[in-house]
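The structure file target08.cif is reproduced below (mmCIF, C-alpha atoms).
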```
data_final
loop_
_atom_site.label_atom_id
_atom_site.label_comp_id
_atom_site.auth_asym_id
_atom_site.auth_seq_id
_atom_site.Cartn_x
_atom_site.Cartn_y
_atom_site.Cartn_z
CA MET A 1 -29.48 -16.50 0.36
CA ARG A 2 -27.45 -13.68 1.90
CA VAL A 3 -28.00 -10.19 0.48
CA GLY A 4 -25.94 -7.13 1.32
CA VAL A 5 -25.13 -3.69 -0.04
CA PHE A 6 -22.14 -2.77 -2.17
CA VAL A 7 -20.97 0.68 -1.04
CA LEU A 8 -18.91 2.67 -3.54
CA ALA A 9 -19.11 6.12 -1.94
CA ALA A 10 -19.74 7.42 -5.44
CA GLN A 11 -19.38 11.16 -5.99
CA PHE A 12 -22.10 12.18 -8.46
CA PRO A 13 -21.79 15.39 -10.50
CA GLY A 14 -22.45 18.45 -8.38
CA GLN A 15 -21.83 16.62 -5.09
CA GLY A 16 -19.04 17.08 -2.59
CA GLN A 17 -16.87 14.29 -1.27
CA GLY A 18 -18.31 14.65 2.24
CA GLU A 19 -21.79 14.14 0.84
CA ALA A 20 -20.70 10.95 -0.90
CA LEU A 21 -19.07 9.59 2.25
CA HIS A 22 -22.08 10.47 4.42
CA ARG A 23 -24.31 8.57 2.01
CA ALA A 24 -21.92 5.60 2.18
CA VAL A 25 -22.13 5.49 5.98
CA ARG A 26 -25.91 5.86 5.98
CA THR A 27 -26.24 3.11 3.35
CA ALA A 28 -24.53 0.63 5.66
CA GLU A 29 -26.53 1.75 8.70
CA ALA A 30 -29.74 1.46 6.69
CA ALA A 31 -28.70 -2.05 5.60
CA GLU A 32 -28.56 -3.19 9.21
CA GLU A 33 -31.88 -1.49 9.96
CA ALA A 34 -33.42 -3.28 6.96
CA GLY A 35 -32.22 -6.72 8.06
CA LEU A 36 -29.68 -7.19 5.29
CA ASP A 37 -26.70 -9.47 5.78
CA SER A 38 -23.68 -7.33 4.98
CA ALA A 39 -22.05 -4.17 3.64
CA TRP A 40 -19.18 -4.42 1.16
CA LEU A 41 -16.91 -1.36 0.90
CA ALA A 42 -15.04 -0.35 -2.22
CA GLU A 43 -11.63 1.36 -2.24
CA HIS A 44 -10.43 3.84 -4.86
CA HIS A 45 -7.72 6.48 -5.06
CA PHE A 46 -7.72 9.95 -6.60
CA VAL A 47 -11.02 9.56 -8.54
CA PRO A 48 -14.67 10.56 -7.95
CA TYR A 49 -15.81 7.09 -9.07
CA GLY A 50 -15.49 6.27 -5.37
CA VAL A 51 -14.05 8.57 -2.71
CA CYS A 52 -13.23 6.01 -0.01
CA PRO A 53 -9.42 5.54 -0.14
CA SER A 54 -9.26 2.99 2.70
CA ALA A 55 -11.91 0.29 2.87
CA VAL A 56 -10.52 -1.09 6.13
CA THR A 57 -10.74 2.32 7.80
CA LEU A 58 -14.35 2.78 6.76
CA ALA A 59 -15.03 -0.80 7.84
CA ALA A 60 -13.74 0.04 11.32
CA LEU A 61 -16.17 2.94 11.58
CA LEU A 62 -19.11 0.87 10.40
CA LEU A 63 -18.31 -2.08 12.64
CA GLY A 64 -18.42 0.35 15.54
CA ARG A 65 -21.76 1.78 14.44
CA THR A 66 -23.49 -1.56 13.88
CA ARG A 67 -24.11 -4.62 16.01
CA ARG A 68 -25.13 -7.41 13.64
CA LEU A 69 -24.07 -6.44 10.13
CA ARG A 70 -21.10 -8.17 8.51
CA VAL A 71 -18.71 -5.66 6.97
CA GLY A 72 -16.27 -6.53 4.22
CA THR A 73 -13.83 -4.81 1.89
CA ALA A 74 -14.61 -5.08 -1.81
CA VAL A 75 -11.78 -4.72 -2.11
CA SER A 76 -8.59 -3.66 -0.40
CA VAL A 77 -6.02 -3.16 -3.16
CA LEU A 78 -3.16 -5.45 -2.18
CA PRO A 79 -0.37 -4.00 -4.40
CA ASN A 80 -0.81 -0.64 -2.65
CA THR A 81 -0.04 -1.91 0.85
CA HIS A 82 2.22 -4.36 2.64
CA PRO A 83 0.44 -7.68 3.26
CA VAL A 84 1.50 -7.70 6.92
CA ALA A 85 0.17 -4.20 7.52
CA LEU A 86 -3.15 -5.18 5.96
CA GLY A 87 -3.16 -8.46 7.88
CA GLU A 88 -2.66 -6.65 11.18
CA GLN A 89 -5.58 -4.34 10.44
CA ALA A 90 -7.79 -7.25 9.42
CA ALA A 91 -6.93 -9.19 12.57
CA LEU A 92 -7.67 -6.15 14.71
CA LEU A 93 -11.10 -5.65 13.13
CA HIS A 94 -11.89 -9.36 13.35
CA VAL A 95 -11.02 -9.60 17.04
CA THR A 96 -12.73 -6.38 18.12
CA SER A 97 -15.92 -6.97 16.11
CA GLY A 98 -16.55 -10.51 17.26
CA GLY A 99 -15.78 -11.99 13.85
CA ARG A 100 -17.98 -9.70 11.73
CA PHE A 101 -15.23 -8.56 9.36
CA THR A 102 -14.43 -10.03 5.93
CA LEU A 103 -11.24 -9.07 4.11
CA GLY A 104 -11.66 -8.90 0.35
CA VAL A 105 -8.50 -8.26 -1.66
CA GLY A 106 -7.69 -7.68 -5.30
CA ARG A 107 -4.99 -6.56 -7.73
CA GLY A 108 -6.65 -3.28 -8.53
CA GLY A 109 -5.69 -1.79 -11.88
CA PRO A 110 -2.63 -0.38 -13.65
CA TRP A 111 -3.37 3.03 -12.18
CA VAL A 112 -1.17 5.85 -10.91
CA ASP A 113 -1.77 4.47 -7.39
CA LEU A 114 1.15 2.14 -8.09
CA GLU A 115 3.43 5.15 -8.52
CA VAL A 116 2.14 7.10 -5.53
CA PHE A 117 2.30 4.19 -3.08
CA ARG A 118 5.50 2.83 -4.68
CA GLY A 119 4.13 -0.65 -5.26
CA GLY A 120 5.19 -0.43 -8.88
CA LEU A 121 3.80 -2.05 -12.00
CA ASP A 122 5.50 -5.36 -11.20
CA ALA A 123 3.44 -5.63 -8.01
CA TYR A 124 0.29 -5.39 -10.11
CA GLU A 125 1.41 -7.69 -12.91
CA ASN A 126 3.37 -10.36 -11.04
CA GLY A 127 3.36 -9.83 -7.28
CA PHE A 128 -0.20 -10.66 -6.27
CA PRO A 129 0.26 -14.41 -5.55
CA GLU A 130 3.23 -13.82 -3.23
CA ASP A 131 1.42 -10.97 -1.48
CA LEU A 132 -1.70 -13.09 -1.07
CA ASP A 133 0.20 -16.05 0.36
CA LEU A 134 1.99 -13.86 2.89
CA LEU A 135 -1.33 -12.32 3.92
CA ARG A 136 -2.89 -15.78 4.32
CA ARG A 137 -0.02 -16.93 6.51
CA TRP A 138 -0.35 -13.82 8.70
CA LEU A 139 -4.02 -14.57 9.29
CA ALA A 140 -3.40 -18.24 10.13
CA GLU A 141 -0.04 -18.68 11.92
CA PRO A 142 1.32 -17.50 15.31
CA ARG A 143 4.69 -16.39 13.89
CA VAL A 144 5.58 -15.41 10.35
CA GLY A 145 8.78 -14.72 8.42
CA ALA A 146 9.33 -14.25 4.70
CA ALA A 147 12.01 -15.06 2.13
CA GLY A 148 10.37 -14.33 -1.19
CA GLU A 149 11.15 -12.22 -4.22
CA ARG A 150 9.13 -9.27 -2.90
CA HIS A 151 9.17 -9.73 0.86
CA GLY A 152 11.97 -10.80 3.16
CA PHE A 153 12.08 -10.39 6.94
CA ARG A 154 12.95 -12.33 10.09
CA GLU A 155 10.24 -14.27 11.89
CA VAL A 156 8.01 -12.08 14.05
CA ALA A 157 5.03 -12.69 16.30
CA VAL A 158 1.52 -12.14 14.97
CA VAL A 159 -0.20 -9.63 17.28
CA PRO A 160 -3.14 -9.67 17.67
CA ARG A 161 -3.76 -13.30 16.81
CA PRO A 162 -6.98 -13.27 14.77
CA GLU A 163 -8.28 -16.57 16.13
CA GLN A 164 -8.31 -15.20 19.69
CA ALA A 165 -11.47 -13.12 19.40
CA LEU A 166 -13.32 -13.59 22.68
CA ASP A 167 -16.70 -14.13 21.04
CA GLY A 168 -15.43 -15.52 17.72
CA ASP A 169 -15.37 -19.09 16.44
CA GLY A 170 -11.64 -19.69 16.85
CA THR A 171 -10.72 -18.88 13.26
CA GLY A 172 -9.39 -15.81 11.53
CA PRO A 173 -11.33 -13.42 9.30
CA GLU A 174 -12.84 -14.65 6.07
CA LEU A 175 -10.62 -13.86 3.08
CA ILE A 176 -12.02 -13.47 -0.44
CA VAL A 177 -10.42 -12.55 -3.77
CA ALA A 178 -11.78 -10.30 -6.51
CA CYS A 179 -11.58 -12.27 -9.78
CA THR A 180 -11.84 -10.79 -13.26
CA SER A 181 -9.91 -13.29 -15.39
CA PRO A 182 -9.23 -17.05 -15.60
CA ALA A 183 -5.78 -16.45 -14.07
CA SER A 184 -7.23 -14.75 -10.99
CA VAL A 185 -9.91 -17.45 -10.70
CA ARG A 186 -7.18 -20.11 -10.62
CA THR A 187 -5.15 -18.11 -8.11
CA ALA A 188 -8.11 -18.03 -5.72
CA ALA A 189 -9.15 -21.63 -6.37
CA ARG A 190 -5.74 -23.18 -5.72
CA ARG A 191 -5.87 -21.58 -2.28
CA GLY A 192 -9.51 -22.47 -1.67
CA LEU A 193 -10.49 -18.81 -1.35
CA PRO A 194 -13.96 -17.70 -2.46
CA MET A 195 -14.36 -15.18 -5.26
CA LEU A 196 -15.93 -11.74 -5.52
CA LEU A 197 -17.30 -11.38 -9.06
CA GLY A 198 -17.92 -7.95 -10.57
CA MET A 199 -21.18 -6.29 -11.52
CA HIS A 200 -20.17 -6.07 -15.20
CA CYS A 201 -20.53 -9.87 -15.52
CA GLY A 202 -23.71 -11.68 -16.51
CA ASP A 203 -24.92 -15.01 -15.19
CA GLU A 204 -23.33 -17.05 -17.97
CA GLU A 205 -19.89 -15.56 -17.39
CA LYS A 206 -20.17 -15.94 -13.61
CA ALA A 207 -21.30 -19.56 -13.97
CA GLY A 208 -18.24 -20.23 -16.11
CA MET A 209 -15.94 -18.68 -13.53
CA VAL A 210 -17.52 -20.72 -10.73
CA ALA A 211 -17.11 -23.90 -12.81
CA LEU A 212 -13.43 -23.11 -13.44
CA TRP A 213 -12.94 -22.34 -9.74
CA ARG A 214 -14.45 -25.66 -8.71
CA GLU A 215 -12.41 -27.65 -11.24
CA THR A 216 -9.18 -25.95 -10.16
CA ALA A 217 -9.92 -26.23 -6.44
CA LEU A 218 -10.66 -29.95 -6.69
CA ALA A 219 -7.48 -30.51 -8.72
CA ALA A 220 -5.54 -28.69 -5.99
CA GLY A 221 -6.81 -31.19 -3.41
CA HIS A 222 -9.51 -29.20 -1.63
CA ALA A 223 -12.30 -31.26 -0.11
CA PRO A 224 -15.41 -31.63 -2.32
CA GLU A 225 -17.65 -30.39 0.49
CA ALA A 226 -15.58 -27.25 0.93
CA VAL A 227 -15.63 -26.67 -2.82
CA ARG A 228 -19.41 -27.04 -2.98
CA GLU A 229 -19.97 -24.68 -0.06
CA ALA A 230 -17.52 -21.93 -1.08
CA GLY A 231 -19.16 -18.59 -0.37
CA HIS A 232 -18.62 -16.73 -3.62
CA VAL A 233 -20.07 -13.21 -3.78
CA SER A 234 -21.81 -11.68 -6.79
CA ALA A 235 -21.73 -7.90 -7.10
CA GLY A 236 -24.62 -6.16 -8.83
CA VAL A 237 -26.93 -3.15 -8.93
CA CYS A 238 -30.34 -2.92 -7.29
CA GLN A 239 -32.91 -0.20 -7.87
CA LEU A 240 -36.51 -0.75 -6.83
CA ALA A 241 -39.72 0.98 -7.87
CA ASP A 242 -43.39 0.14 -8.27
CA ARG A 243 -42.81 0.06 -12.02
CA THR A 244 -39.73 -1.39 -13.67
CA ALA A 245 -39.60 1.50 -16.13
CA ASP A 246 -39.31 3.96 -13.23
CA ALA A 247 -36.43 2.04 -11.64
CA ARG A 248 -34.53 1.98 -14.92
CA GLU A 249 -35.22 5.66 -15.54
CA THR A 250 -33.79 6.57 -12.13
CA LEU A 251 -30.48 4.89 -12.96
CA LEU A 252 -30.35 6.03 -16.58
CA LYS A 253 -30.72 9.64 -15.43
CA ALA A 254 -28.11 9.53 -12.67
CA MET A 255 -25.48 6.89 -13.34
CA PRO A 256 -24.05 7.89 -16.76
CA GLY A 257 -22.90 11.28 -15.46
CA TRP A 258 -21.21 9.67 -12.47
CA LEU A 259 -19.63 6.95 -14.60
CA ARG A 260 -18.38 9.47 -17.16
CA GLN A 261 -16.57 11.70 -14.67
CA GLY A 262 -15.49 8.80 -12.47
CA LEU A 263 -14.06 6.52 -15.14
CA ASP A 264 -12.47 9.38 -17.09
CA ALA A 265 -10.49 10.37 -14.00
CA HIS A 266 -8.48 7.12 -13.93
CA VAL A 267 -4.85 7.61 -14.98
CA THR A 268 -2.64 4.68 -15.94
CA VAL A 269 0.79 4.41 -14.36
CA ASP A 270 2.55 3.71 -17.66
CA GLY A 271 0.47 5.63 -20.18
CA ARG A 272 -1.15 2.52 -21.64
CA HIS A 273 -4.34 3.02 -23.67
CA ARG A 274 -7.61 2.67 -21.77
CA ALA A 275 -10.73 1.49 -23.55
CA MET A 276 -13.49 3.19 -21.54
CA ARG A 277 -17.06 1.93 -21.51
CA ASP A 278 -19.82 4.10 -22.90
CA PRO A 279 -21.55 5.30 -19.68
CA HIS A 280 -25.12 5.16 -21.00
CA ALA A 281 -24.70 1.75 -22.62
CA TYR A 282 -23.03 0.41 -19.49
CA THR A 283 -25.90 1.66 -17.32
CA GLN A 284 -28.37 -0.06 -19.64
CA LEU A 285 -26.36 -3.27 -19.38
CA LEU A 286 -26.42 -3.11 -15.58
CA CYS A 287 -30.19 -2.57 -15.65
CA ASP A 288 -30.57 -5.64 -17.88
CA LEU A 289 -28.33 -7.89 -15.79
CA HIS A 290 -29.36 -7.07 -12.24
CA PRO A 291 -32.38 -6.60 -9.94
CA VAL A 292 -33.58 -3.28 -11.34
CA GLY A 293 -37.37 -3.00 -11.34
CA THR A 294 -40.23 -4.09 -9.15
CA PRO A 295 -39.55 -6.08 -5.97
CA GLU A 296 -41.01 -9.15 -7.69
CA LEU A 297 -38.64 -8.77 -10.65
CA ALA A 298 -35.71 -8.16 -8.32
CA ALA A 299 -36.37 -11.31 -6.33
CA ASP A 300 -36.78 -13.35 -9.51
CA ARG A 301 -33.48 -12.07 -10.92
CA LEU A 302 -31.56 -12.82 -7.74
CA ALA A 303 -33.07 -16.30 -7.56
CA ALA A 304 -32.27 -16.93 -11.22
CA THR A 305 -28.66 -15.82 -10.80
CA SER A 306 -28.29 -18.09 -7.79
CA GLU A 307 -29.77 -21.05 -9.66
CA ARG A 308 -27.61 -20.51 -12.75
CA THR A 309 -24.33 -19.86 -10.94
CA GLY A 310 -24.61 -21.56 -7.54
CA ILE A 311 -23.82 -18.21 -5.87
CA THR A 312 -25.89 -17.40 -2.78
CA ARG A 313 -24.25 -14.18 -1.57
CA PHE A 314 -24.91 -10.81 -3.17
CA ALA A 315 -23.41 -7.33 -2.80
CA LEU A 316 -25.82 -4.87 -4.41
CA LEU A 317 -25.12 -1.25 -5.30
CA THR A 318 -28.12 0.69 -4.02
CA GLU A 319 -26.81 4.27 -4.35
CA GLY A 320 -27.29 4.48 -8.13
CA SER A 321 -29.75 7.36 -7.82
CA GLY A 322 -27.06 9.50 -6.21
CA ASP A 323 -29.60 10.76 -3.69
CA LEU A 324 -29.37 10.00 0.04
CA ALA A 325 -33.10 9.76 0.76
CA ALA A 326 -33.71 7.64 -2.35
CA THR A 327 -30.83 5.35 -1.41
CA GLU A 328 -32.16 4.82 2.12
CA GLU A 329 -35.62 4.05 0.72
CA ASN A 330 -34.10 1.67 -1.82
CA VAL A 331 -32.31 -0.23 0.95
CA ARG A 332 -35.44 -0.30 3.08
CA ARG A 333 -37.48 -1.79 0.24
CA LEU A 334 -34.76 -4.33 -0.49
CA GLY A 335 -35.07 -5.61 3.07
CA ALA A 336 -38.86 -5.35 3.38
CA GLU A 337 -40.06 -6.37 -0.08
CA VAL A 338 -37.34 -8.45 -1.74
CA LEU A 339 -35.76 -10.50 1.06
CA PRO A 340 -39.06 -12.15 2.12
CA ARG A 341 -39.50 -13.41 -1.45
CA LEU A 342 -36.11 -15.16 -1.32
CA THR A 343 -36.73 -17.29 1.77
#
```
Any chance you could give the structure as C-alpha cells?
Amino acid sequence: MRVGVFVLAAQFPGQGQGEALHRAVRTAEAAEEAGLDSAWLAEHHFVPYGVCPSAVTLAALLLGRTRRLRVGTAVSVLPNTHPVALGEQAALLHVTSGGRFTLGVGRGGPWVDLEVFRGGLDAYENGFPEDLDLLRRWLAEPRVGAAGERHGFREVAVVPRPEQALDGDGTGPELIVACTSPASVRTAARRGLPMLLGMHCGDEEKAGMVALWRETALAAGHAPEAVREAGHVSAGVCQLADRTADARETLLKAMPGWLRQGLDAHVTVDGRHRAMRDPHAYTQLLCDLHPVGTPELAADRLAATSERTGITRFALLTEGSGDLAATEENVRRLGAEVLPRLT
C-alpha cells in the first residue's frame, strides 16, 4: 500500500496566503521525512479553498527540495492550459527529477477560470477528450502535430523527450485522470489511464467506479494484467489523535470555517446555480468516511477501503487542523504509527 499526502494549500479564516503556501511546502517536506510515498498537489484559482494556482510550479519546487518523494498534481486543470504547454512542463519535471513526477489532470469545474484563461465553457463541457489525447501523444511520441476541432498545428519536435531521463526507466511520466462521473471513468478507462477519486466518495461508490473502469478498459482491448494492476488513487482526509473523539473535534472545529469561505468564493462562468454542501455536515461525512481517529482506526479504515475497492494508493489531506505544527505532527504520526500497521 502506498500512502501520500494530499496538499490543498488551504487558507483557513484569519490566515494569509503566504501562511497557507508555507504550510503546503512543509507538509510535503514532512511527508518525505516521515517515509510516506508521495505528495499530491491541488490547483485552484481565485479562491481561498486552495491558494496554489499552478500545481506543476509547486511540484517543481518540491521535487527540488526532496530526494525520494513522488510528487503529483491532483490535478492540473486541463481546460485552462494548452495540452502541449502542460506536456512540456510535465516532461521537464519528469526528466529532471529522475522520474518522480506524476501528472494528474482533470476538467475542473464550470468556474470563472474558463473566462479568465479563455478556455471557454465548451472546453469544459466537450473538449476534455481531445485535450487529453493530445497530451498523451506529446508524452509518448517524438514528433506531434494536430488536426482536431480544438487544436491544429504542423508537426513539431517534442523537446525534451520525456523517456530520455538519464536515471529514469525509459518511459514518460505517469498520467492519471480525476474522475467524478461515469463519463469521466469511461474516458480514462478507454485510454487505460488510472483514476484519481475524490474524498467526497465512500468505499461503495469508489468500488463501483473501479468496476466500471475495469469493464470499460477490458472492452477497449487493454490487457487483463494491466487492468488488474492499474494504480488508481483514492483521496481522503486523515487526522490522528490518541482518542478518536479528539481527532474528529479537531476537524469539526477548523474545517467548516475554511469550507464555508472557500466554497462560497467559487463563481460560475455562466451564472448557473450552485448547490453548495453544508460545511459542518460535509466535515462530519469526511470524518465518517476516512482515517480520522486513532492510528489503529486509521490503519483499519485504509485497509478496509483497499479491500473493498482494490485501490492501494492514497492521497490524504493532513492539514485539516489549519495549524502548521499540528499538520507536521499529523504527518509524522501517519508515517510512524499508521504505515507500519499496513505492511
Could you give me, as a JSON list (two decimals) with C-alpha atoms, in the frame of the given file, the residues that sit within 6 Å of (-19.7, 7.2, -10.3) in the file's coordinates, counting all atoms listed in the file?
```json
[["chain", "number", "residue", "atom", "x", "y", "z"],
["A", 10, "ALA", "CA", -19.74, 7.42, -5.44],
["A", 11, "GLN", "CA", -19.38, 11.16, -5.99],
["A", 12, "PHE", "CA", -22.10, 12.18, -8.46],
["A", 49, "TYR", "CA", -15.81, 7.09, -9.07],
["A", 258, "TRP", "CA", -21.21, 9.67, -12.47],
["A", 259, "LEU", "CA", -19.63, 6.95, -14.60],
["A", 262, "GLY", "CA", -15.49, 8.80, -12.47]]
```
Expanded to explicit residues, what is the PyMOL selection byres ((chain A and resi 243-247) around 10) for this file, as a PDB file with C-alpha atoms, keeping the file's coordinate frame?
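Output file result31.pdb follows:
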```
ATOM      1  CA  CYS A 238     -30.340  -2.920  -7.290  1.00  0.00           C
ATOM      2  CA  GLN A 239     -32.910  -0.200  -7.870  1.00  0.00           C
ATOM      3  CA  LEU A 240     -36.510  -0.750  -6.830  1.00  0.00           C
ATOM      4  CA  ALA A 241     -39.720   0.980  -7.870  1.00  0.00           C
ATOM      5  CA  ASP A 242     -43.390   0.140  -8.270  1.00  0.00           C
ATOM      6  CA  ARG A 248     -34.530   1.980 -14.920  1.00  0.00           C
ATOM      7  CA  GLU A 249     -35.220   5.660 -15.540  1.00  0.00           C
ATOM      8  CA  THR A 250     -33.790   6.570 -12.130  1.00  0.00           C
ATOM      9  CA  LEU A 251     -30.480   4.890 -12.960  1.00  0.00           C
ATOM     10  CA  LEU A 252     -30.350   6.030 -16.580  1.00  0.00           C
ATOM     11  CA  CYS A 287     -30.190  -2.570 -15.650  1.00  0.00           C
ATOM     12  CA  PRO A 291     -32.380  -6.600  -9.940  1.00  0.00           C
ATOM     13  CA  VAL A 292     -33.580  -3.280 -11.340  1.00  0.00           C
ATOM     14  CA  GLY A 293     -37.370  -3.000 -11.340  1.00  0.00           C
ATOM     15  CA  THR A 294     -40.230  -4.090  -9.150  1.00  0.00           C
ATOM     16  CA  PRO A 295     -39.550  -6.080  -5.970  1.00  0.00           C
ATOM     17  CA  GLU A 296     -41.010  -9.150  -7.690  1.00  0.00           C
ATOM     18  CA  LEU A 297     -38.640  -8.770 -10.650  1.00  0.00           C
ATOM     19  CA  ALA A 298     -35.710  -8.160  -8.320  1.00  0.00           C
ATOM     20  CA  SER A 321     -29.750   7.360  -7.820  1.00  0.00           C
TER      21      SER A 321
END
```
Got a sec: who's within 8 Å of Val84 of chain A, counting all atoms listed in the file, leaving out chain neighbours fewer than 6 positions off, as a compact mmCIF listing (two decimals) with C-alpha atoms, keeping the file's coordinate frame?
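Dumped everything to part35.txt:
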```
# COMPACT_ATOMS: atom_id res chain seq x y z
CA LEU A 134 1.99 -13.86 2.89
CA LEU A 135 -1.33 -12.32 3.92
CA TRP A 138 -0.35 -13.82 8.70
```
query = Which residues fall under the PyMOL selection byres ((chain A and resi 6) around 9) in this file, as a ChimeraX atom specification?
reply = /A:4-5,7-8,28,38-42,74,235-237,314-319
Report as a compact mmCIF listing (two decimals) with C-alpha atoms, keeping the file's coordinate frame the full result of the PyMOL selection byres ((chain A and resi 188-190) around 12) when it is applied to this structure.
```txt
# COMPACT_ATOMS: atom_id res chain seq x y z
CA GLY A 104 -11.66 -8.90 0.35
CA VAL A 105 -8.50 -8.26 -1.66
CA GLY A 106 -7.69 -7.68 -5.30
CA PHE A 128 -0.20 -10.66 -6.27
CA PRO A 129 0.26 -14.41 -5.55
CA LEU A 132 -1.70 -13.09 -1.07
CA ASP A 133 0.20 -16.05 0.36
CA ARG A 136 -2.89 -15.78 4.32
CA LEU A 175 -10.62 -13.86 3.08
CA ILE A 176 -12.02 -13.47 -0.44
CA VAL A 177 -10.42 -12.55 -3.77
CA ALA A 178 -11.78 -10.30 -6.51
CA CYS A 179 -11.58 -12.27 -9.78
CA THR A 180 -11.84 -10.79 -13.26
CA SER A 181 -9.91 -13.29 -15.39
CA PRO A 182 -9.23 -17.05 -15.60
CA ALA A 183 -5.78 -16.45 -14.07
CA SER A 184 -7.23 -14.75 -10.99
CA VAL A 185 -9.91 -17.45 -10.70
CA ARG A 186 -7.18 -20.11 -10.62
CA THR A 187 -5.15 -18.11 -8.11
CA ARG A 191 -5.87 -21.58 -2.28
CA GLY A 192 -9.51 -22.47 -1.67
CA LEU A 193 -10.49 -18.81 -1.35
CA PRO A 194 -13.96 -17.70 -2.46
CA MET A 195 -14.36 -15.18 -5.26
CA LEU A 196 -15.93 -11.74 -5.52
CA LEU A 197 -17.30 -11.38 -9.06
CA MET A 209 -15.94 -18.68 -13.53
CA VAL A 210 -17.52 -20.72 -10.73
CA ALA A 211 -17.11 -23.90 -12.81
CA LEU A 212 -13.43 -23.11 -13.44
CA TRP A 213 -12.94 -22.34 -9.74
CA ARG A 214 -14.45 -25.66 -8.71
CA GLU A 215 -12.41 -27.65 -11.24
CA THR A 216 -9.18 -25.95 -10.16
CA ALA A 217 -9.92 -26.23 -6.44
CA LEU A 218 -10.66 -29.95 -6.69
CA ALA A 219 -7.48 -30.51 -8.72
CA ALA A 220 -5.54 -28.69 -5.99
CA GLY A 221 -6.81 -31.19 -3.41
CA HIS A 222 -9.51 -29.20 -1.63
CA ALA A 223 -12.30 -31.26 -0.11
CA ALA A 226 -15.58 -27.25 0.93
CA VAL A 227 -15.63 -26.67 -2.82
CA ALA A 230 -17.52 -21.93 -1.08
CA HIS A 232 -18.62 -16.73 -3.62
```
request  = Go ahead and compute the interatomic distance for atom CA of Arg272 of chain A and atom CA of Arg118 of chain A, in Å to one decimal.
outcome  =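 Value for the atom CA of Arg272 of chain A-atom CA of Arg118 of chain A distance: 18.2 Å.
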task = Point out the residue among A:Ala254, A:His82, A:His44, A:Leu302 with the least atom-to-atom distance to Pro279 of chain A, counting only C-alpha atoms.
result =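 So, comparing all the options, the nearest one is A:Ala254.
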task = Rank nothing, just name the residue among A:Gln261, A:Asp203, A:Glu33, A:Thr102 nearest to Glu307 of chain A, using all atoms listed in the file.
result =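 Residue with the minimum atom-to-atom distance to Glu307 of chain A: A:Asp203.
Minimum atom-to-atom distance to Arg68 of chain A, evaluated using all atoms listed in the file, belongs to A:Ala31 out of A:Leu139, A:Ala31, A:Ala20, A:Ala146.
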Missing atoms in segment 126-130 of chain A: fill them in up to all heavy atoms and send the result as a short mmCIF file (atom, residue, chain, number, x, y, z; two decimals), in the frame of the given file.
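File written: selection_11.cif
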```cif
data_model
loop_
_atom_site.label_atom_id
_atom_site.label_comp_id
_atom_site.auth_asym_id
_atom_site.auth_seq_id
_atom_site.Cartn_x
_atom_site.Cartn_y
_atom_site.Cartn_z
N ASN A 126 2.77 -9.08 -11.42
CA ASN A 126 3.37 -10.36 -11.04
C ASN A 126 3.34 -10.66 -9.54
O ASN A 126 3.53 -11.81 -9.14
CB ASN A 126 4.84 -10.40 -11.50
CG ASN A 126 4.98 -10.17 -12.99
OD1 ASN A 126 4.37 -10.86 -13.79
ND2 ASN A 126 5.78 -9.18 -13.36
N GLY A 127 3.14 -9.65 -8.71
CA GLY A 127 3.36 -9.83 -7.28
C GLY A 127 2.19 -10.32 -6.47
O GLY A 127 2.34 -10.67 -5.29
N PHE A 128 0.99 -10.37 -7.06
CA PHE A 128 -0.20 -10.66 -6.27
C PHE A 128 -0.16 -12.03 -5.58
O PHE A 128 -0.50 -12.13 -4.40
CB PHE A 128 -1.45 -10.54 -7.14
CG PHE A 128 -2.74 -10.67 -6.38
CD1 PHE A 128 -3.18 -9.66 -5.54
CD2 PHE A 128 -3.51 -11.82 -6.48
CE1 PHE A 128 -4.36 -9.77 -4.83
CE2 PHE A 128 -4.70 -11.95 -5.77
CZ PHE A 128 -5.12 -10.92 -4.94
N PRO A 129 0.25 -13.12 -6.25
CA PRO A 129 0.26 -14.41 -5.55
C PRO A 129 1.14 -14.43 -4.31
O PRO A 129 0.75 -14.97 -3.27
CB PRO A 129 0.76 -15.39 -6.62
CG PRO A 129 0.35 -14.76 -7.91
CD PRO A 129 0.54 -13.28 -7.69
N GLU A 130 2.35 -13.84 -4.40
CA GLU A 130 3.23 -13.82 -3.23
C GLU A 130 2.62 -12.97 -2.12
O GLU A 130 2.64 -13.35 -0.93
CB GLU A 130 4.61 -13.28 -3.59
CG GLU A 130 5.56 -13.28 -2.40
CD GLU A 130 6.93 -12.70 -2.74
OE1 GLU A 130 7.34 -12.73 -3.92
OE2 GLU A 130 7.60 -12.21 -1.79
#
```
